[in-house]
$ cat work.tsv   # TSV, C-alpha atoms
chain	number	residue	atom	x	y	z
A	1248	MET	CA	93.03	104.74	28.66
A	1249	GLN	CA	91.03	102.98	31.36
A	1250	THR	CA	88.48	105.81	31.55
A	1251	LYS	CA	87.94	105.70	27.78
A	1252	GLU	CA	87.54	101.91	27.93
A	1253	ASN	CA	85.07	102.25	30.82
A	1254	ILE	CA	82.99	104.77	28.87
A	1255	ILE	CA	82.94	102.46	25.84
A	1256	ALA	CA	81.87	99.54	28.07
A	1257	ILE	CA	79.07	101.62	29.62
A	1258	LEU	CA	77.89	102.77	26.18
A	1259	PHE	CA	78.01	99.19	24.86
A	1260	THR	CA	75.94	98.05	27.83
A	1261	ILE	CA	73.33	100.77	27.28
A	1262	VAL	CA	73.06	99.89	23.57
A	1263	ALA	CA	72.83	96.15	24.38
A	1264	LEU	CA	70.12	96.79	27.00
A	1265	GLY	CA	68.17	98.82	24.47
A	1266	PHE	CA	68.58	96.20	21.76
A	1267	ASN	CA	67.52	93.37	24.06
A	1268	PHE	CA	64.37	95.15	25.25
A	1269	TRP	CA	63.48	96.58	21.85
A	1270	TYR	CA	63.95	93.32	19.96
A	1271	MET	CA	62.74	90.75	22.52
A	1272	GLY	CA	60.63	92.68	25.05
A	1273	LEU	CA	60.30	92.34	28.80
A	1274	SER	CA	60.95	88.59	28.69
A	1275	VAL	CA	64.70	89.30	28.58
A	1276	ILE	CA	64.69	91.30	31.82
A	1277	PHE	CA	67.05	88.84	33.52
A	1278	LEU	CA	69.52	89.08	30.64
A	1279	ASN	CA	69.56	92.82	31.07
A	1280	ILE	CA	69.93	92.67	34.84
A	1281	GLY	CA	72.82	90.24	34.31
A	1282	LEU	CA	74.42	92.59	31.81
A	1283	VAL	CA	74.33	95.46	34.32
A	1284	VAL	CA	75.73	93.23	37.08
A	1285	SER	CA	78.47	92.08	34.68
A	1286	LEU	CA	79.36	95.68	33.91
A	1287	ILE	CA	79.61	96.52	37.62
A	1288	ILE	CA	81.85	93.51	38.27
A	1289	TRP	CA	83.98	94.27	35.21
A	1290	LEU	CA	84.41	97.92	36.20
A	1291	ASN	CA	85.59	96.90	39.67
A	1292	PHE	CA	87.68	93.83	38.81
A	1293	ASN	CA	91.35	94.75	38.86
A	1294	LYS	CA	92.96	91.33	38.63
A	1295	SER	CA	94.41	89.72	35.54
A	1296	TYR	CA	92.64	86.95	33.66
A	1297	THR	CA	94.26	83.64	32.79
A	1298	ARG	CA	94.72	82.15	29.35
A	1299	ARG	CA	92.86	79.10	30.67
A	1300	LEU	CA	89.77	81.29	31.22
A	1301	SER	CA	89.77	82.18	27.52
A	1302	LYS	CA	89.94	78.48	26.63
A	1303	LEU	CA	87.10	77.65	29.03
A	1304	TYR	CA	85.10	80.51	27.52
A	1305	LEU	CA	85.56	79.05	24.04
A	1306	ILE	CA	84.26	75.69	25.30
A	1307	GLY	CA	81.34	77.58	26.83
A	1308	ILE	CA	80.52	79.19	23.50
A	1309	LEU	CA	80.41	75.77	21.85
A	1310	ILE	CA	78.01	74.59	24.56
A	1311	GLN	CA	75.98	77.78	24.05
A	1312	ILE	CA	75.63	76.97	20.35
A	1313	ALA	CA	74.30	73.50	21.22
A	1314	HIS	CA	72.01	75.16	23.77
A	1315	PHE	CA	70.66	77.54	21.14
A	1316	PHE	CA	69.81	74.59	18.87
A	1317	GLU	CA	68.12	72.72	21.72
A	1318	GLU	CA	66.09	75.81	22.65
A	1319	TYR	CA	65.08	76.47	19.07
A	1320	TYR	CA	64.07	72.93	18.18
A	1321	MET	CA	62.26	72.36	21.48
A	1322	GLY	CA	60.26	75.60	21.30
A	1323	PHE	CA	61.87	77.75	23.99
A	1324	TYR	CA	61.02	80.88	22.01
A	1325	LYS	CA	57.33	80.07	22.46
A	1326	GLU	CA	57.53	78.92	26.09
A	1327	LEU	CA	59.56	81.64	27.83
A	1328	PRO	CA	57.50	84.67	26.78
A	1329	SER	CA	54.33	82.91	27.99
A	1330	ILE	CA	55.77	82.93	31.52
A	1331	PHE	CA	55.75	86.74	31.30
A	1332	ASN	CA	52.27	86.79	29.71
A	1333	ALA	CA	53.94	88.16	26.58
A	1334	ASN	CA	53.50	87.18	22.96
A	1335	SER	CA	55.66	84.33	21.73
A	1336	TRP	CA	58.75	85.27	19.81
A	1337	THR	CA	58.90	84.18	16.19
A	1338	GLY	CA	61.43	81.54	15.23
A	1339	SER	CA	63.33	84.00	13.02
A	1340	GLN	CA	63.31	86.65	15.75
A	1341	PHE	CA	64.82	84.14	18.18
A	1342	ILE	CA	67.43	83.02	15.63
A	1343	ILE	CA	68.52	86.59	14.81
A	1344	PHE	CA	68.74	87.54	18.50
A	1345	ASN	CA	70.90	84.51	19.25
A	1346	ILE	CA	73.13	85.02	16.22
A	1347	VAL	CA	73.78	88.64	17.28
A	1348	TRP	CA	74.82	87.49	20.76
A	1349	LEU	CA	76.87	84.57	19.42
A	1350	ILE	CA	78.81	87.01	17.21
A	1351	ILE	CA	79.41	89.23	20.26
A	1352	PHE	CA	80.55	86.16	22.24
A	1353	LEU	CA	82.93	85.10	19.45
A	1354	LEU	CA	84.40	88.61	19.12
A	1355	ALA	CA	84.91	88.66	22.87
A	1356	ALA	CA	86.67	85.28	22.65
A	1357	ILE	CA	89.12	86.71	20.12
A	1358	GLY	CA	89.61	89.73	22.36
A	1359	SER	CA	90.11	87.59	25.47
A	1360	PHE	CA	92.87	85.58	23.77
A	1361	ASN	CA	94.50	88.92	22.92
A	1362	ASN	CA	93.99	90.10	26.51
A	1363	ILE	CA	91.75	93.04	25.54
A	1364	LYS	CA	90.14	94.08	28.82
A	1365	MET	CA	86.81	95.12	27.27
A	1366	SER	CA	86.29	91.52	26.10
A	1367	PHE	CA	86.04	90.36	29.68
A	1368	LEU	CA	82.83	92.35	30.18
A	1369	ILE	CA	81.22	89.86	27.78
A	1370	VAL	CA	83.03	86.95	29.44
A	1371	TRP	CA	81.52	88.00	32.80
A	1372	PHE	CA	78.08	88.25	31.16
A	1373	PHE	CA	78.53	84.80	29.68
A	1374	ILE	CA	79.62	83.32	33.02
A	1375	LEU	CA	76.82	84.89	35.05
A	1376	ILE	CA	73.91	84.70	32.60
A	1377	GLY	CA	74.92	82.43	29.71
A	1378	GLY	CA	76.30	79.84	32.09
A	1379	ILE	CA	75.13	79.96	35.69
A	1380	GLY	CA	71.91	81.91	35.07
A	1381	ASN	CA	70.88	79.69	32.17
A	1382	GLY	CA	71.44	76.61	34.28
A	1383	ILE	CA	69.48	77.91	37.25
A	1384	MET	CA	66.59	79.17	35.11
A	1385	HIS	CA	66.14	76.06	32.96
A	1386	ILE	CA	66.61	73.57	35.77
A	1387	GLY	CA	64.38	75.65	38.05
A	1388	LEU	CA	61.58	75.88	35.47
A	1389	SER	CA	61.80	72.15	34.81
A	1390	LEU	CA	61.51	71.45	38.54
A	1391	LEU	CA	58.63	73.91	38.97
A	1392	ARG	CA	56.73	72.43	36.05
A	1393	LYS	CA	57.75	68.88	36.95
A	1394	GLU	CA	58.61	68.33	33.29
A	1395	TYR	CA	61.28	69.18	30.76
A	1396	PHE	CA	61.55	72.89	29.94
A	1397	PRO	CA	63.09	73.60	26.50
A	1398	GLY	CA	66.86	73.98	26.79
A	1399	THR	CA	67.36	72.21	30.12
A	1400	VAL	CA	69.69	69.45	28.92
A	1401	THR	CA	72.40	71.76	27.59
A	1402	ALA	CA	71.72	74.33	30.34
A	1403	VAL	CA	73.16	71.83	32.82
A	1404	PHE	CA	76.45	71.91	30.89
A	1405	LEU	CA	76.34	75.72	30.70
A	1406	PHE	CA	75.87	75.84	34.48
A	1407	ILE	CA	78.88	73.55	34.97
A	1408	ILE	CA	81.16	75.56	32.64
A	1409	GLY	CA	80.02	78.78	34.37
A	1410	ILE	CA	80.99	77.37	37.78
A	1411	ILE	CA	84.33	76.14	36.42
A	1412	MET	CA	85.02	79.61	34.95
A	1413	ILE	CA	84.20	81.34	38.26
A	1414	HIS	CA	86.49	78.89	40.04
A	1415	ASN	CA	89.23	79.66	37.50
A	1416	ILE	CA	88.92	83.39	38.14
A	1417	THR	CA	88.83	83.13	41.92
A	1418	SER	CA	91.62	80.56	42.21
A	1419	SER	CA	93.89	82.45	39.81
A	1420	PHE	CA	93.85	85.66	41.80
A	1421	THR	CA	93.87	84.07	45.25
A	1422	THR	CA	97.02	82.12	44.40
A	1423	LYS	CA	98.67	85.29	43.03
A	1424	GLU	CA	97.79	87.23	46.20
A	1425	ASN	CA	99.05	84.43	48.45
A	1426	SER	CA	102.35	84.11	46.57
$ encode --input "work.tsv" --output "C-alpha cells"
Amino acid sequence: MQTKENIIAILFTIVALGFNFWYMGLSVIFLNIGLVVSLIIWLNFNKSYTRRLSKLYLIGILIQIAHFFEEYYMGFYKELPSIFNANSWTGSQFIIFNIVWLIIFLLAAIGSFNNIKMSFLIVWFFILIGGIGNGIMHIGLSLLRKEYFPGTVTAVFLFIIGIIMIHNITSSFTTKENS
C-alpha cells in the first residue's frame, strides 16, 4: 500500500512540476523546488499528524485566499515575472493557476481530516512554500526594494501560520516519543 501511495505521490509531483513550468514559466522555480522538497520530506516522514494540524491548515487556506486577492489586485502577476526578466503573466492566467492550486489545497484539507496520508504531501508544500516561503519572499522583496511588494501584508500571516504548523508537527511527535 505504501509503495503504491509513494508512486502516486511521485507521479503527482512530476505532473504538478510540469504544469507549473508549462503554465507559468521559470518564474515559479521556487514553487517547484519547494514541491520536490515537500515530496522528500513526505516520503521520509513516518510520524502521525494531529487533527489540530488539519484545522491549522484550513485556517492557512483561508489566509491563502486573502493572499491571492491581495496579489491579484496589487499586481503581483506583473511584478514577479519581471524579477526573472520574463514576460508578465496575464490576469486570467494568474487566476486560473491560483484556482487550480486552491482546489488542490482544499482537496488535501478534506483528505487530511480523513487522515489520508497522500494529503499531507500538499500540507507540507503549503507549510514550506505557501506559508513560510511566501512570507520570506514577499517580506524579503519589500525590504530589498524598500517599498511594498504586492502580497506582503497577507504573506506575513502566511509565514506565521506556516511556523505554527511546523511547531505543531514537531511538538506532536516529540511529545509522543518522550512519553
$ residues_around --input "work.tsv" --residues "region 1412-1416 of chain A" --least-positions-apart "2" --cutoff "12 Å" --atoms "only C-alpha atoms" --output "ChimeraX atom specification"
/A:1292-1307,1367,1370-1375,1377-1379,1405-1410,1418-1423
$ residues_near_point --input "work.tsv" --point "(71.9, 67.1, 31.2)" --cutoff "12 Å" --atoms "only C-alpha atoms" --output "compact mmCIF listing (two decimals) with C-alpha atoms, in the coordinates of the input"
# COMPACT_ATOMS: atom_id res chain seq x y z
CA ILE A 1310 78.01 74.59 24.56
CA HIS A 1314 72.01 75.16 23.77
CA GLU A 1317 68.12 72.72 21.72
CA GLY A 1382 71.44 76.61 34.28
CA HIS A 1385 66.14 76.06 32.96
CA ILE A 1386 66.61 73.57 35.77
CA SER A 1389 61.80 72.15 34.81
CA TYR A 1395 61.28 69.18 30.76
CA PHE A 1396 61.55 72.89 29.94
CA PRO A 1397 63.09 73.60 26.50
CA GLY A 1398 66.86 73.98 26.79
CA THR A 1399 67.36 72.21 30.12
CA VAL A 1400 69.69 69.45 28.92
CA THR A 1401 72.40 71.76 27.59
CA ALA A 1402 71.72 74.33 30.34
CA VAL A 1403 73.16 71.83 32.82
CA PHE A 1404 76.45 71.91 30.89
CA LEU A 1405 76.34 75.72 30.70
CA PHE A 1406 75.87 75.84 34.48
CA ILE A 1407 78.88 73.55 34.97
$ closest_residue --input "work.tsv" --among "A:Leu1309, A:Ala1333, A:Ile1363, A:Leu1353" --to "Gly1272 (chain A)" --atoms "only C-alpha atoms"
A:Ala1333
$ residues_around --input "work.tsv" --residues "Ile1369 (chain A)" --least-positions-apart "5" --cutoff "8 Å" --atoms "all atoms listed in the file" --output "number ranges by chain"
A: 1285, 1351-1352, 1355
$ residues_around --input "work.tsv" --residues "Glu1252 (chain A)" --least-positions-apart "4" --cutoff "12 Å" --atoms "all atoms listed in the file" --output "VMD selection string"
chain A and resid 1248 1256 to 1259 1286 1289 to 1290 1363 to 1368
$ closest_residue --input "work.tsv" --among "A:Ile1254, A:Ile1308, A:Ile1330, A:Met1271" --to "Ile1342 (chain A)" --atoms "all atoms listed in the file"
A:Met1271
$ atom_distance --input "work.tsv" --atom1 "CA of Asn1332 (chain A)" --atom2 "CA of Glu1318 (chain A)"
19.0 Å
$ atom_distance --input "work.tsv" --atom1 "CA of Thr1337 (chain A)" --atom2 "CA of Lys1393 (chain A)"
25.8 Å
$ residues_around --input "work.tsv" --residues "Ser1339 (chain A)" --least-positions-apart "6" --cutoff "10 Å" --atoms "all atoms listed in the file" --output "MDAnalysis selection string"
chainID A and resid 1319 1324 1345
$ atom_distance --input "work.tsv" --atom1 "CA of Ser1274 (chain A)" --atom2 "CA of Leu1354 (chain A)"
25.3 Å
$ closest_residue --input "work.tsv" --among "A:Val1284, A:Ile1357, A:Ile1276, A:Ile1376" --to "Pro1328 (chain A)" --atoms "all atoms listed in the file"
A:Ile1276
$ closest_residue --input "work.tsv" --among "A:Thr1417, A:Gln1249, A:Ser1335, A:Asn1381" --to "Phe1277 (chain A)" --atoms "all atoms listed in the file"
A:Asn1381
$ closest_residue --input "work.tsv" --among "A:Ile1411, A:Ile1383, A:Ile1255, A:Val1275" --to "Trp1336 (chain A)" --atoms "all atoms listed in the file"
A:Val1275
$ decode --input "work.tsv" --residues "region 1315-1423 of chain A" --atoms "C-alpha atoms" --output "PDB file, in the first residue's frame"
ATOM      1  CA  PHE A1315      -4.390  35.549  -3.683  1.00  0.00           C
ATOM      2  CA  PHE A1316      -6.790  38.516  -3.748  1.00  0.00           C
ATOM      3  CA  GLU A1317      -4.115  40.877  -2.440  1.00  0.00           C
ATOM      4  CA  GLU A1318      -1.623  39.635  -5.033  1.00  0.00           C
ATOM      5  CA  TYR A1319      -4.121  39.918  -7.855  1.00  0.00           C
ATOM      6  CA  TYR A1320      -5.417  43.383  -7.019  1.00  0.00           C
ATOM      7  CA  MET A1321      -1.952  44.762  -6.272  1.00  0.00           C
ATOM      8  CA  GLY A1322      -0.388  43.432  -9.492  1.00  0.00           C
ATOM      9  CA  PHE A1323       1.839  40.611  -8.261  1.00  0.00           C
ATOM     10  CA  TYR A1324       1.325  38.767 -11.547  1.00  0.00           C
ATOM     11  CA  LYS A1325       3.049  41.643 -13.348  1.00  0.00           C
ATOM     12  CA  GLU A1326       5.796  42.231 -10.776  1.00  0.00           C
ATOM     13  CA  LEU A1327       7.181  38.751 -10.053  1.00  0.00           C
ATOM     14  CA  PRO A1328       7.952  37.679 -13.627  1.00  0.00           C
ATOM     15  CA  SER A1329       9.860  40.937 -14.176  1.00  0.00           C
ATOM     16  CA  ILE A1330      12.320  39.858 -11.466  1.00  0.00           C
ATOM     17  CA  PHE A1331      13.161  36.874 -13.695  1.00  0.00           C
ATOM     18  CA  ASN A1332      13.263  39.045 -16.841  1.00  0.00           C
ATOM     19  CA  ALA A1333      10.221  37.113 -18.038  1.00  0.00           C
ATOM     20  CA  ASN A1334       7.003  38.349 -19.595  1.00  0.00           C
ATOM     21  CA  SER A1335       4.260  39.334 -17.181  1.00  0.00           C
ATOM     22  CA  TRP A1336       1.550  36.808 -16.589  1.00  0.00           C
ATOM     23  CA  THR A1337      -1.945  37.768 -17.681  1.00  0.00           C
ATOM     24  CA  GLY A1338      -4.550  38.353 -15.011  1.00  0.00           C
ATOM     25  CA  SER A1339      -6.604  35.371 -16.188  1.00  0.00           C
ATOM     26  CA  GLN A1340      -3.514  33.145 -16.316  1.00  0.00           C
ATOM     27  CA  PHE A1341      -2.722  34.077 -12.711  1.00  0.00           C
ATOM     28  CA  ILE A1342      -6.331  33.490 -11.609  1.00  0.00           C
ATOM     29  CA  ILE A1343      -6.542  30.055 -13.256  1.00  0.00           C
ATOM     30  CA  PHE A1344      -3.183  28.974 -11.798  1.00  0.00           C
ATOM     31  CA  ASN A1345      -4.262  30.009  -8.315  1.00  0.00           C
ATOM     32  CA  ILE A1346      -7.687  28.395  -8.609  1.00  0.00           C
ATOM     33  CA  VAL A1347      -6.074  25.090  -9.645  1.00  0.00           C
ATOM     34  CA  TRP A1348      -3.807  25.172  -6.587  1.00  0.00           C
ATOM     35  CA  LEU A1349      -6.614  26.297  -4.261  1.00  0.00           C
ATOM     36  CA  ILE A1350      -8.683  23.301  -5.416  1.00  0.00           C
ATOM     37  CA  ILE A1351      -5.707  21.021  -4.721  1.00  0.00           C
ATOM     38  CA  PHE A1352      -5.295  22.633  -1.279  1.00  0.00           C
ATOM     39  CA  LEU A1353      -8.991  22.165  -0.490  1.00  0.00           C
ATOM     40  CA  LEU A1354      -8.964  18.519  -1.610  1.00  0.00           C
ATOM     41  CA  ALA A1355      -5.910  17.959   0.570  1.00  0.00           C
ATOM     42  CA  ALA A1356      -7.758  19.562   3.507  1.00  0.00           C
ATOM     43  CA  ILE A1357     -10.598  17.073   3.100  1.00  0.00           C
ATOM     44  CA  GLY A1358      -8.044  14.273   2.872  1.00  0.00           C
ATOM     45  CA  SER A1359      -6.139  15.486   5.926  1.00  0.00           C
ATOM     46  CA  PHE A1360      -9.316  15.474   8.039  1.00  0.00           C
ATOM     47  CA  ASN A1361      -9.840  11.889   6.867  1.00  0.00           C
ATOM     48  CA  ASN A1362      -6.197  11.078   7.658  1.00  0.00           C
ATOM     49  CA  ILE A1363      -5.314  10.180   4.057  1.00  0.00           C
ATOM     50  CA  LYS A1364      -1.508  10.170   4.033  1.00  0.00           C
ATOM     51  CA  MET A1365      -1.169  11.471   0.464  1.00  0.00           C
ATOM     52  CA  SER A1366      -2.928  14.690   1.514  1.00  0.00           C
ATOM     53  CA  PHE A1367      -0.037  15.571   3.775  1.00  0.00           C
ATOM     54  CA  LEU A1368       2.286  15.937   0.772  1.00  0.00           C
ATOM     55  CA  ILE A1369       0.217  19.010  -0.119  1.00  0.00           C
ATOM     56  CA  VAL A1370       0.107  20.110   3.522  1.00  0.00           C
ATOM     57  CA  TRP A1371       3.935  20.037   3.598  1.00  0.00           C
ATOM     58  CA  PHE A1372       4.034  22.020   0.343  1.00  0.00           C
ATOM     59  CA  PHE A1373       1.643  24.553   1.817  1.00  0.00           C
ATOM     60  CA  ILE A1374       3.677  24.878   5.023  1.00  0.00           C
ATOM     61  CA  LEU A1375       7.038  25.241   3.287  1.00  0.00           C
ATOM     62  CA  ILE A1376       6.082  27.307   0.230  1.00  0.00           C
ATOM     63  CA  GLY A1377       2.551  28.628   0.720  1.00  0.00           C
ATOM     64  CA  GLY A1378       3.330  29.704   4.265  1.00  0.00           C
ATOM     65  CA  ILE A1379       6.979  30.137   5.200  1.00  0.00           C
ATOM     66  CA  GLY A1380       8.319  30.596   1.657  1.00  0.00           C
ATOM     67  CA  ASN A1381       5.647  33.138   0.756  1.00  0.00           C
ATOM     68  CA  GLY A1382       6.413  35.113   3.883  1.00  0.00           C
ATOM     69  CA  ILE A1383      10.164  35.126   3.326  1.00  0.00           C
ATOM     70  CA  MET A1384       9.861  36.015  -0.360  1.00  0.00           C
ATOM     71  CA  HIS A1385       7.348  38.855  -0.018  1.00  0.00           C
ATOM     72  CA  ILE A1386       8.916  40.383   3.070  1.00  0.00           C
ATOM     73  CA  GLY A1387      12.397  39.987   1.560  1.00  0.00           C
ATOM     74  CA  LEU A1388      11.401  41.656  -1.716  1.00  0.00           C
ATOM     75  CA  SER A1389       9.729  44.502   0.160  1.00  0.00           C
ATOM     76  CA  LEU A1390      12.897  45.031   2.201  1.00  0.00           C
ATOM     77  CA  LEU A1391      15.143  44.832  -0.866  1.00  0.00           C
ATOM     78  CA  ARG A1392      13.017  47.316  -2.774  1.00  0.00           C
ATOM     79  CA  LYS A1393      12.421  49.445   0.315  1.00  0.00           C
ATOM     80  CA  GLU A1394       8.743  49.546  -0.626  1.00  0.00           C
ATOM     81  CA  TYR A1395       5.651  47.374  -0.564  1.00  0.00           C
ATOM     82  CA  PHE A1396       5.820  44.325  -2.837  1.00  0.00           C
ATOM     83  CA  PRO A1397       2.382  43.008  -3.910  1.00  0.00           C
ATOM     84  CA  GLY A1398       1.145  40.388  -1.455  1.00  0.00           C
ATOM     85  CA  THR A1399       3.343  41.296   1.516  1.00  0.00           C
ATOM     86  CA  VAL A1400       0.581  42.117   4.003  1.00  0.00           C
ATOM     87  CA  THR A1401      -1.094  38.701   3.879  1.00  0.00           C
ATOM     88  CA  ALA A1402       2.268  36.945   3.376  1.00  0.00           C
ATOM     89  CA  VAL A1403       3.136  37.910   6.947  1.00  0.00           C
ATOM     90  CA  PHE A1404       0.101  35.930   8.148  1.00  0.00           C
ATOM     91  CA  LEU A1405       1.005  33.002   5.875  1.00  0.00           C
ATOM     92  CA  PHE A1406       4.510  32.996   7.375  1.00  0.00           C
ATOM     93  CA  ILE A1407       3.048  32.939  10.890  1.00  0.00           C
ATOM     94  CA  ILE A1408       0.615  30.075  10.151  1.00  0.00           C
ATOM     95  CA  GLY A1409       3.452  28.142   8.473  1.00  0.00           C
ATOM     96  CA  ILE A1410       5.619  28.480  11.591  1.00  0.00           C
ATOM     97  CA  ILE A1411       2.707  27.473  13.834  1.00  0.00           C
ATOM     98  CA  MET A1412       2.075  24.399  11.646  1.00  0.00           C
ATOM     99  CA  ILE A1413       5.747  23.354  11.782  1.00  0.00           C
ATOM    100  CA  HIS A1414       5.665  23.799  15.554  1.00  0.00           C
ATOM    101  CA  ASN A1415       2.519  21.645  15.703  1.00  0.00           C
ATOM    102  CA  ILE A1416       4.203  18.856  13.755  1.00  0.00           C
ATOM    103  CA  THR A1417       7.447  18.912  15.712  1.00  0.00           C
ATOM    104  CA  SER A1418       5.831  19.224  19.146  1.00  0.00           C
ATOM    105  CA  SER A1419       3.309  16.472  18.427  1.00  0.00           C
ATOM    106  CA  PHE A1420       5.913  13.858  17.617  1.00  0.00           C
ATOM    107  CA  THR A1421       8.464  14.918  20.222  1.00  0.00           C
ATOM    108  CA  THR A1422       5.876  14.575  22.983  1.00  0.00           C
ATOM    109  CA  LYS A1423       4.844  11.136  21.657  1.00  0.00           C
TER     110      LYS A1423
END
